[in-house]
$ cat input02.csv   # CSV, N, CA and C atoms
chain,number,residue,atom,x,y,z
A,1,MET,N,15.6,-8.0,6.9
A,1,MET,CA,15.4,-7.3,5.6
A,1,MET,C,14.0,-6.7,5.6
A,2,VAL,N,13.0,-7.5,6.0
A,2,VAL,CA,11.6,-7.0,6.0
A,2,VAL,C,11.4,-6.0,7.1
A,3,VAL,N,12.0,-6.2,8.2
A,3,VAL,CA,11.9,-5.4,9.4
A,3,VAL,C,12.6,-4.0,9.1
A,4,GLY,N,13.7,-4.0,8.4
A,4,GLY,CA,14.4,-2.8,8.0
A,4,GLY,C,13.6,-2.0,7.1
A,5,PHE,N,12.9,-2.7,6.1
A,5,PHE,CA,12.1,-2.0,5.1
A,5,PHE,C,10.9,-1.4,5.9
A,6,LEU,N,10.3,-2.1,6.8
A,6,LEU,CA,9.1,-1.5,7.5
A,6,LEU,C,9.6,-0.3,8.4
A,7,LEU,N,10.7,-0.4,9.0
A,7,LEU,CA,11.2,0.7,9.8
A,7,LEU,C,11.5,2.0,8.9
A,8,ARG,N,12.0,1.7,7.8
A,8,ARG,CA,12.3,2.9,6.8
A,8,ARG,C,10.9,3.5,6.4
A,9,CYS,N,10.0,2.6,6.0
A,9,CYS,CA,8.7,3.1,5.6
A,9,CYS,C,8.0,3.9,6.7
A,10,SER,N,8.1,3.4,7.9
A,10,SER,CA,7.4,4.1,9.0
A,10,SER,C,8.1,5.4,9.3
A,11,ALA,N,9.4,5.4,9.2
A,11,ALA,CA,10.1,6.7,9.4
A,11,ALA,C,9.7,7.7,8.4
A,12,VAL,N,9.7,7.3,7.1
A,12,VAL,CA,9.3,8.2,6.0
A,12,VAL,C,7.8,8.7,6.2
A,13,GLY,N,6.9,7.7,6.6
A,13,GLY,CA,5.6,8.1,6.9
A,13,GLY,C,5.4,9.1,8.0
A,14,GLY,N,6.2,8.9,9.1
A,14,GLY,CA,6.2,9.8,10.2
A,14,GLY,C,6.7,11.2,9.8
A,15,VAL,N,7.7,11.2,9.0
A,15,VAL,CA,8.2,12.5,8.6
A,15,VAL,C,7.2,13.3,7.7
A,16,VAL,N,6.6,12.5,6.8
A,16,VAL,CA,5.5,13.2,6.0
A,16,VAL,C,4.4,13.6,6.8
A,17,TYR,N,3.9,12.8,7.8
A,17,TYR,CA,2.8,13.1,8.7
A,17,TYR,C,3.2,14.4,9.5
A,18,TYR,N,4.4,14.4,10.0
A,18,TYR,CA,4.8,15.6,10.9
A,18,TYR,C,4.8,16.8,10.0
A,19,THR,N,5.5,16.8,8.9
A,19,THR,CA,5.6,18.0,8.0
A,19,THR,C,4.2,18.5,7.6
A,20,ARG,N,3.3,17.5,7.3
A,20,ARG,CA,2.0,17.9,6.9
A,20,ARG,C,1.2,18.6,8.1
A,21,SER,N,1.4,18.0,9.3
A,21,SER,CA,0.7,18.6,10.4
A,21,SER,C,1.2,19.9,10.8
A,22,VAL,N,2.5,20.2,10.6
A,22,VAL,CA,3.2,21.5,10.9
A,22,VAL,C,2.7,22.5,9.9
A,23,GLY,N,2.5,22.1,8.6
A,23,GLY,CA,2.0,23.0,7.6
A,23,GLY,C,3.0,23.3,6.5
A,24,ILE,N,4.0,22.4,6.4
A,24,ILE,CA,4.9,22.6,5.3
A,24,ILE,C,4.3,22.4,3.9
A,25,TRP,N,3.3,21.5,3.8
A,25,TRP,CA,2.7,21.2,2.6
A,25,TRP,C,1.4,22.1,2.4
A,26,GLY,N,1.2,23.1,3.2
A,26,GLY,CA,0.0,23.9,3.1
A,26,GLY,C,0.3,25.1,2.1
A,27,SER,N,-0.4,26.2,2.3
A,27,SER,CA,-0.3,27.3,1.4
A,27,SER,C,1.1,28.0,1.6
A,28,THR,N,1.5,28.8,0.6
A,28,THR,CA,2.8,29.4,0.7
A,28,THR,C,2.9,30.4,1.8
A,29,ASP,N,1.7,31.1,2.1
A,29,ASP,CA,1.7,32.1,3.2
A,29,ASP,C,2.0,31.4,4.5
A,30,HIS,N,1.3,30.2,4.7
A,30,HIS,CA,1.5,29.5,6.0
A,30,HIS,C,3.0,29.0,6.1
A,31,THR,N,3.5,28.5,5.0
A,31,THR,CA,4.9,28.0,5.0
A,31,THR,C,5.9,29.1,5.2
A,32,ASP,N,5.6,30.3,4.7
A,32,ASP,CA,6.5,31.5,5.0
A,32,ASP,C,6.5,31.8,6.4
A,33,LYS,N,5.3,31.8,7.0
A,33,LYS,CA,5.1,32.1,8.5
A,33,LYS,C,5.9,31.1,9.3
A,34,LEU,N,5.7,29.8,8.9
A,34,LEU,CA,6.4,28.8,9.6
A,34,LEU,C,8.0,28.9,9.5
A,35,TYR,N,8.5,29.3,8.3
A,35,TYR,CA,9.9,29.5,8.1
A,35,TYR,C,10.4,30.6,9.0
A,36,ASN,N,9.7,31.7,9.0
A,36,ASN,CA,10.1,32.9,9.8
A,36,ASN,C,10.0,32.6,11.3
A,37,ASN,N,9.0,31.8,11.7
A,37,ASN,CA,8.9,31.4,13.1
A,37,ASN,C,10.1,30.5,13.5
A,38,ILE,N,10.5,29.6,12.7
A,38,ILE,CA,11.6,28.7,13.0
A,38,ILE,C,12.9,29.5,13.0
A,39,LYS,N,13.0,30.5,12.0
A,39,LYS,CA,14.2,31.3,12.0
A,39,LYS,C,14.3,32.2,13.3
A,40,SER,N,13.2,32.7,13.7
A,40,SER,CA,13.2,33.5,15.0
A,40,SER,C,13.5,32.7,16.2
A,41,GLU,N,13.0,31.4,16.2
A,41,GLU,CA,13.3,30.5,17.3
A,41,GLU,C,14.7,30.1,17.4
A,42,LEU,N,15.4,29.9,16.2
A,42,LEU,CA,16.8,29.5,16.2
A,42,LEU,C,17.8,30.6,16.3
A,43,CYS,N,17.3,31.9,16.2
A,43,CYS,CA,18.2,33.0,16.2
A,43,CYS,C,19.1,33.1,17.5
A,44,PRO,N,18.5,32.9,18.7
A,44,PRO,CA,19.4,33.0,19.9
A,44,PRO,C,20.5,31.9,19.9
A,45,TYR,N,20.1,30.7,19.4
A,45,TYR,CA,21.1,29.6,19.4
A,45,TYR,C,22.2,29.9,18.3
A,46,VAL,N,21.8,30.4,17.2
A,46,VAL,CA,22.8,30.8,16.2
A,46,VAL,C,23.7,31.8,16.7
A,47,GLN,N,23.2,32.9,17.4
A,47,GLN,CA,24.0,33.9,17.9
A,47,GLN,C,25.0,33.3,18.9
A,48,LYS,N,24.6,32.4,19.7
A,48,LYS,CA,25.4,31.8,20.7
A,48,LYS,C,26.5,31.0,20.0
A,49,ALA,N,26.2,30.3,19.0
A,49,ALA,CA,27.1,29.4,18.2
A,49,ALA,C,28.1,30.3,17.5
A,50,LYS,N,27.7,31.5,17.0
A,50,LYS,CA,28.5,32.4,16.3
A,50,LYS,C,29.7,32.9,17.2
A,51,LYS,N,29.4,33.1,18.4
A,51,LYS,CA,30.4,33.6,19.4
A,51,LYS,C,31.5,32.6,19.6
A,52,GLN,N,31.1,31.3,19.5
A,52,GLN,CA,32.0,30.2,19.8
A,52,GLN,C,32.8,29.7,18.6
A,53,LEU,N,32.3,30.0,17.4
A,53,LEU,CA,33.0,29.5,16.2
A,53,LEU,C,34.1,30.5,15.8
A,54,PRO,N,35.2,30.0,15.3
A,54,PRO,CA,36.3,30.8,14.8
A,54,PRO,C,36.1,31.4,13.4
A,55,PHE,N,35.0,31.2,12.8
A,55,PHE,CA,34.7,31.7,11.5
A,55,PHE,C,33.3,32.3,11.5
A,56,GLU,N,33.0,33.1,10.4
A,56,GLU,CA,31.7,33.8,10.4
A,56,GLU,C,30.7,32.9,9.7
A,57,VAL,N,29.5,32.8,10.3
A,57,VAL,CA,28.4,32.0,9.8
A,57,VAL,C,27.5,32.9,8.9
A,58,PRO,N,27.2,32.5,7.7
A,58,PRO,CA,26.4,33.3,6.8
A,58,PRO,C,25.0,33.4,7.3
A,59,GLN,N,24.3,34.5,6.9
A,59,GLN,CA,22.9,34.6,7.3
A,59,GLN,C,22.0,33.6,6.6
A,60,LEU,N,20.9,33.2,7.3
A,60,LEU,CA,20.0,32.3,6.6
A,60,LEU,C,19.3,33.0,5.5
A,61,PRO,N,19.1,32.3,4.4
A,61,PRO,CA,18.5,32.9,3.2
A,61,PRO,C,17.0,33.4,3.5
A,62,LYS,N,16.6,34.4,2.7
A,62,LYS,CA,15.2,34.8,2.8
A,62,LYS,C,14.3,33.8,2.1
A,63,SER,N,13.1,33.8,2.5
A,63,SER,CA,12.1,32.8,1.9
A,63,SER,C,12.0,33.0,0.4
A,64,GLY,N,12.1,34.2,-0.1
A,64,GLY,CA,12.0,34.4,-1.6
A,64,GLY,C,13.2,33.7,-2.3
A,65,GLU,N,14.4,33.8,-1.7
A,65,GLU,CA,15.6,33.1,-2.2
A,65,GLU,C,15.4,31.6,-2.2
A,66,ILE,N,14.9,31.1,-1.1
A,66,ILE,CA,14.7,29.7,-1.0
A,66,ILE,C,13.7,29.2,-2.1
A,67,ARG,N,12.7,29.9,-2.3
A,67,ARG,CA,11.7,29.6,-3.3
A,67,ARG,C,12.3,29.6,-4.7
A,68,PHE,N,13.1,30.6,-5.0
A,68,PHE,CA,13.8,30.7,-6.3
A,68,PHE,C,14.7,29.5,-6.5
A,69,LEU,N,15.5,29.2,-5.5
A,69,LEU,CA,16.5,28.1,-5.6
A,69,LEU,C,15.7,26.7,-5.7
A,70,ALA,N,14.7,26.6,-5.0
A,70,ALA,CA,13.9,25.3,-5.1
A,70,ALA,C,13.3,25.2,-6.5
A,71,LYS,N,12.8,26.2,-7.0
A,71,LYS,CA,12.2,26.2,-8.4
A,71,LYS,C,13.3,25.9,-9.4
A,72,HIS,N,14.4,26.6,-9.2
A,72,HIS,CA,15.5,26.4,-10.2
A,72,HIS,C,16.0,25.0,-10.2
A,73,TYR,N,16.3,24.4,-9.0
A,73,TYR,CA,16.9,23.1,-9.0
A,73,TYR,C,15.9,22.0,-9.4
A,74,TYR,N,14.6,22.3,-9.1
A,74,TYR,CA,13.5,21.4,-9.5
A,74,TYR,C,13.5,21.4,-11.1
A,75,ASN,N,13.5,22.6,-11.7
A,75,ASN,CA,13.4,22.6,-13.1
A,75,ASN,C,14.7,22.0,-13.7
A,76,GLU,N,15.8,22.2,-13.2
A,76,GLU,CA,17.0,21.6,-13.7
A,76,GLU,C,16.9,20.0,-13.6
A,77,GLY,N,16.4,19.5,-12.5
A,77,GLY,CA,16.2,18.1,-12.4
A,77,GLY,C,15.2,17.5,-13.4
A,78,VAL,N,14.2,18.3,-13.7
A,78,VAL,CA,13.2,17.8,-14.7
A,78,VAL,C,13.9,17.9,-16.1
A,79,LYS,N,14.6,18.9,-16.4
A,79,LYS,CA,15.3,19.0,-17.7
A,79,LYS,C,16.3,17.9,-17.9
A,80,SER,N,17.0,17.6,-16.8
A,80,SER,CA,18.0,16.5,-16.9
A,80,SER,C,17.4,15.2,-17.1
A,81,SER,N,16.2,15.0,-16.4
A,81,SER,CA,15.5,13.7,-16.6
A,81,SER,C,15.0,13.5,-18.0
A,82,PHE,N,14.4,14.6,-18.6
A,82,PHE,CA,13.9,14.5,-20.0
A,82,PHE,C,15.1,14.4,-21.0
A,83,ARG,N,16.2,15.0,-20.7
A,83,ARG,CA,17.4,14.9,-21.5
A,83,ARG,C,17.9,13.4,-21.5
A,84,PHE,N,17.9,12.8,-20.4
A,84,PHE,CA,18.3,11.4,-20.3
A,84,PHE,C,17.3,10.5,-21.0
A,85,VAL,N,16.0,10.7,-20.9
A,85,VAL,CA,15.0,9.9,-21.6
A,85,VAL,C,15.2,10.1,-23.1
A,86,HIS,N,15.4,11.4,-23.5
A,86,HIS,CA,15.6,11.7,-24.9
A,86,HIS,C,16.8,10.9,-25.5
A,87,MET,N,17.9,10.8,-24.7
A,87,MET,CA,19.2,10.2,-25.2
A,87,MET,C,19.2,8.7,-24.9
A,88,LEU,N,18.2,8.2,-24.2
A,88,LEU,CA,18.2,6.7,-23.9
A,88,LEU,C,18.4,5.8,-25.1
A,89,PRO,N,17.7,6.0,-26.2
A,89,PRO,CA,18.0,5.1,-27.4
A,89,PRO,C,19.4,5.2,-27.8
A,90,CYS,N,20.1,6.4,-27.8
A,90,CYS,CA,21.5,6.5,-28.1
A,90,CYS,C,22.3,5.7,-27.1
A,91,TYR,N,22.1,5.9,-25.9
A,91,TYR,CA,22.8,5.2,-24.8
A,91,TYR,C,22.7,3.7,-25.0
A,92,ALA,N,21.4,3.2,-25.2
A,92,ALA,CA,21.2,1.8,-25.4
A,92,ALA,C,21.9,1.3,-26.6
A,93,GLY,N,21.9,2.0,-27.7
A,93,GLY,CA,22.6,1.6,-28.9
A,93,GLY,C,24.1,1.4,-28.7
A,94,ARG,N,24.7,2.4,-28.0
A,94,ARG,CA,26.1,2.4,-27.8
A,94,ARG,C,26.4,1.2,-26.9
A,95,GLY,N,25.6,0.9,-25.9
A,95,GLY,CA,25.8,-0.2,-24.9
A,95,GLY,C,25.7,-1.5,-25.6
A,96,LEU,N,24.7,-1.7,-26.5
A,96,LEU,CA,24.6,-2.9,-27.3
A,96,LEU,C,25.7,-3.1,-28.2
A,97,LYS,N,26.2,-2.0,-28.8
A,97,LYS,CA,27.4,-2.2,-29.7
A,97,LYS,C,28.6,-2.6,-29.0
A,98,LYS,N,28.8,-2.1,-27.8
A,98,LYS,CA,30.0,-2.5,-26.9
A,98,LYS,C,29.8,-3.9,-26.5
A,99,ILE,N,28.6,-4.4,-26.2
A,99,ILE,CA,28.4,-5.8,-25.8
A,99,ILE,C,28.7,-6.7,-27.0
A,100,LYS,N,28.2,-6.3,-28.2
A,100,LYS,CA,28.4,-7.1,-29.4
A,100,LYS,C,29.9,-7.2,-29.7
A,101,ASP,N,30.6,-6.0,-29.7
A,101,ASP,CA,32.1,-6.0,-29.9
A,101,ASP,C,32.8,-6.9,-28.9
A,102,THR,N,32.4,-6.9,-27.7
A,102,THR,CA,33.1,-7.7,-26.7
A,102,THR,C,32.9,-9.2,-27.0
A,103,PHE,N,31.7,-9.6,-27.3
A,103,PHE,CA,31.4,-11.0,-27.6
A,103,PHE,C,32.2,-11.4,-28.9
A,104,GLU,N,32.3,-10.5,-29.8
A,104,GLU,CA,33.0,-10.8,-31.1
A,104,GLU,C,34.5,-11.0,-30.7
A,105,ASP,N,35.1,-10.2,-29.8
A,105,ASP,CA,36.4,-10.4,-29.4
A,105,ASP,C,36.7,-11.7,-28.7
A,106,PHE,N,35.7,-12.1,-27.9
A,106,PHE,CA,35.8,-13.4,-27.2
A,106,PHE,C,35.7,-14.5,-28.2
A,107,ALA,N,34.9,-14.3,-29.2
A,107,ALA,CA,34.7,-15.4,-30.2
A,107,ALA,C,35.9,-15.7,-31.1
A,108,LYS,N,36.8,-14.7,-31.2
A,108,LYS,CA,38.0,-14.9,-32.0
A,108,LYS,C,38.9,-15.9,-31.3
A,109,SER,N,39.7,-16.6,-32.2
A,109,SER,CA,40.6,-17.6,-31.6
A,109,SER,C,41.8,-16.7,-31.1
A,110,PRO,N,42.4,-17.1,-30.0
A,110,PRO,CA,43.5,-16.4,-29.5
A,110,PRO,C,44.7,-16.4,-30.4
A,111,ALA,N,45.4,-15.3,-30.5
A,111,ALA,CA,46.6,-15.2,-31.3
A,111,ALA,C,47.8,-16.0,-30.7
A,112,ILE,N,48.6,-16.6,-31.5
A,112,ILE,CA,49.7,-17.4,-31.0
A,112,ILE,C,50.9,-16.4,-30.8
A,113,THR,N,51.4,-16.4,-29.7
A,113,THR,CA,52.5,-15.5,-29.4
A,113,THR,C,53.8,-16.3,-29.3
A,114,GLY,N,54.9,-15.7,-29.7
A,114,GLY,CA,56.2,-16.4,-29.6
A,114,GLY,C,56.5,-17.1,-30.9
A,115,GLY,N,57.5,-17.9,-31.0
A,115,GLY,CA,57.9,-18.6,-32.2
A,115,GLY,C,57.2,-19.9,-32.3
A,116,GLU,N,57.7,-20.8,-33.3
A,116,GLU,CA,57.1,-22.1,-33.5
A,116,GLU,C,57.5,-23.0,-32.3
A,117,PRO,N,56.6,-23.9,-32.0
A,117,PRO,CA,57.0,-24.8,-30.9
A,117,PRO,C,58.2,-25.7,-31.3
A,118,GLY,N,59.1,-25.9,-30.4
A,118,GLY,CA,60.2,-26.7,-30.7
A,118,GLY,C,61.4,-26.0,-31.4
A,119,ALA,N,61.2,-24.7,-31.8
A,119,ALA,CA,62.2,-23.9,-32.4
A,119,ALA,C,63.2,-23.5,-31.4
A,120,ALA,N,64.5,-23.4,-31.8
A,120,ALA,CA,65.5,-22.9,-30.9
A,120,ALA,C,65.5,-21.4,-30.7
A,121,LYS,N,65.8,-21.0,-29.6
A,121,LYS,CA,65.7,-19.5,-29.3
A,121,LYS,C,67.1,-18.9,-29.3
$ encode --input "input02.csv" --output "structure tokens"
Amino acid sequence: MVVGFLLRCSAVGGVVYYTRSVGIWGSTDHTDKLYNNIKSELCPYVQKAKKQLPFEVPQLPKSGEIRFLAKHYYNEGVKSSFRFVHMLPCYAGRGLKKIKDTFEDFAKSPAITGGEPGAAK
């Protein structure tokens, strides 16, 4: 358990270190250059794969589109998080009411089903 946790932490640390050394966390101009460099490096392999695949592969998005999508989904995540925090008292109240109702149902004596004991059917 501890070894697995240490391995995961070291993997995450390695990924962060590598991405930082490559320049992903640098300025936007440097990140755009890195993206275009990776795109041009992968282009021959993508062309080769396109010839072998039976369907059409879409073009890689432009860096402006990626930035727009990243901002959009980040903002949506922040809005959803704040919406959840805003509604948390309501959710907690509903959950506590359900728990209370459940315990009240358990506290009731069970209903007797069927006829009186010893009665002929």
$ atom_distance --input "input02.csv" --atom1 "CA of Lys33 (chain A)" --atom2 "CA of Leu69 (chain A)"
18.6 Å
$ select_by_dssp --input "input02.csv" --residues "region 32-121 of chain A" --states "alpha helix (DSSP H)" --output "MDAnalysis selection string"
chainID A and resid 32:52 63:107
$ atom_distance --input "input02.csv" --atom1 "atom C of Pro58 (chain A)" --atom2 "atom C of Gly26 (chain A)"
26.6 Å
$ closest_residue --input "input02.csv" --among "A:Gly77, A:Gly4, A:Pro61, A:Gly95" --to "Asn36 (chain A)" --atoms "only C-alpha atoms"
A:Pro61
$ atom_distance --input "input02.csv" --atom1 "CA of Ile99 (chain A)" --atom2 "CA of Val85 (chain A)"
21.1 Å
$ closest_residue --input "input02.csv" --among "A:Ile38, A:Asp32, A:Ala92, A:Ala49" --to "Arg67 (chain A)" --atoms "only C-alpha atoms"
A:Asp32
$ decode --input "input02.csv" --residues "region 31-90 of chain A" --atoms "C-alpha atoms" --output "mmCIF file, in the first residue's frame"
data_model
loop_
_atom_site.group_PDB
_atom_site.id
_atom_site.type_symbol
_atom_site.label_atom_id
_atom_site.label_comp_id
_atom_site.auth_asym_id
_atom_site.auth_seq_id
_atom_site.Cartn_x
_atom_site.Cartn_y
_atom_site.Cartn_z
ATOM 1 C CA THR A 31 3.948 26.422 -25.335
ATOM 2 C CA ASP A 32 2.600 27.292 -28.814
ATOM 3 C CA LYS A 33 6.035 26.651 -30.331
ATOM 4 C CA LEU A 34 6.230 23.337 -28.485
ATOM 5 C CA TYR A 35 2.755 22.321 -29.709
ATOM 6 C CA ASN A 36 3.604 23.204 -33.315
ATOM 7 C CA ASN A 37 6.914 21.346 -33.018
ATOM 8 C CA ILE A 38 5.182 18.204 -31.712
ATOM 9 C CA LYS A 39 2.534 18.536 -34.419
ATOM 10 C CA SER A 40 5.172 18.736 -37.161
ATOM 11 C CA GLU A 41 7.103 15.795 -35.653
ATOM 12 C CA LEU A 42 3.982 13.616 -35.588
ATOM 13 C CA CYS A 43 2.758 14.593 -39.055
ATOM 14 C CA PRO A 44 4.634 11.829 -40.990
ATOM 15 C CA TYR A 45 3.383 9.159 -38.585
ATOM 16 C CA VAL A 46 -0.177 10.457 -38.792
ATOM 17 C CA GLN A 47 -0.005 10.437 -42.604
ATOM 18 C CA LYS A 48 1.259 6.849 -42.517
ATOM 19 C CA ALA A 49 -1.534 5.823 -40.140
ATOM 20 C CA LYS A 50 -4.157 7.605 -42.294
ATOM 21 C CA LYS A 51 -3.242 5.423 -45.251
ATOM 22 C CA GLN A 52 -3.748 2.243 -43.227
ATOM 23 C CA LEU A 53 -6.987 3.193 -41.461
ATOM 24 C CA PRO A 54 -10.334 2.564 -43.148
ATOM 25 C CA PHE A 55 -11.781 5.883 -41.921
ATOM 26 C CA GLU A 56 -10.746 9.516 -42.114
ATOM 27 C CA VAL A 57 -8.749 10.951 -39.222
ATOM 28 C CA PRO A 58 -9.670 14.564 -38.332
ATOM 29 C CA GLN A 59 -7.023 17.277 -38.341
ATOM 30 C CA LEU A 60 -5.368 18.226 -35.065
ATOM 31 C CA PRO A 61 -6.949 21.375 -33.619
ATOM 32 C CA LYS A 62 -5.140 24.694 -33.836
ATOM 33 C CA SER A 63 -3.566 26.068 -30.680
ATOM 34 C CA GLY A 64 -6.183 28.849 -30.472
ATOM 35 C CA GLU A 65 -8.965 26.261 -30.462
ATOM 36 C CA ILE A 66 -7.217 24.263 -27.753
ATOM 37 C CA ARG A 67 -6.847 27.381 -25.626
ATOM 38 C CA PHE A 68 -10.521 28.241 -26.087
ATOM 39 C CA LEU A 69 -11.633 24.714 -25.153
ATOM 40 C CA ALA A 70 -9.300 24.580 -22.154
ATOM 41 C CA LYS A 71 -10.640 27.909 -20.846
ATOM 42 C CA HIS A 72 -14.231 26.895 -21.522
ATOM 43 C CA TYR A 73 -14.042 23.562 -19.719
ATOM 44 C CA TYR A 74 -12.013 25.042 -16.858
ATOM 45 C CA ASN A 75 -14.670 27.725 -16.376
ATOM 46 C CA GLU A 76 -17.446 25.130 -16.522
ATOM 47 C CA GLY A 77 -15.655 23.079 -13.866
ATOM 48 C CA VAL A 78 -15.317 26.113 -11.600
ATOM 49 C CA LYS A 79 -18.989 27.039 -12.093
ATOM 50 C CA SER A 80 -20.105 23.480 -11.324
ATOM 51 C CA SER A 81 -17.939 23.380 -8.202
ATOM 52 C CA PHE A 82 -19.411 26.630 -6.899
ATOM 53 C CA ARG A 83 -22.925 25.458 -7.798
ATOM 54 C CA PHE A 84 -22.331 22.305 -5.744
ATOM 55 C CA VAL A 85 -20.973 24.293 -2.780
ATOM 56 C CA HIS A 86 -23.955 26.657 -3.063
ATOM 57 C CA MET A 87 -26.414 23.736 -3.017
ATOM 58 C CA LEU A 88 -24.564 21.762 -0.314
ATOM 59 C CA PRO A 89 -26.852 22.894 2.549
ATOM 60 C CA CYS A 90 -29.878 21.798 0.512
#
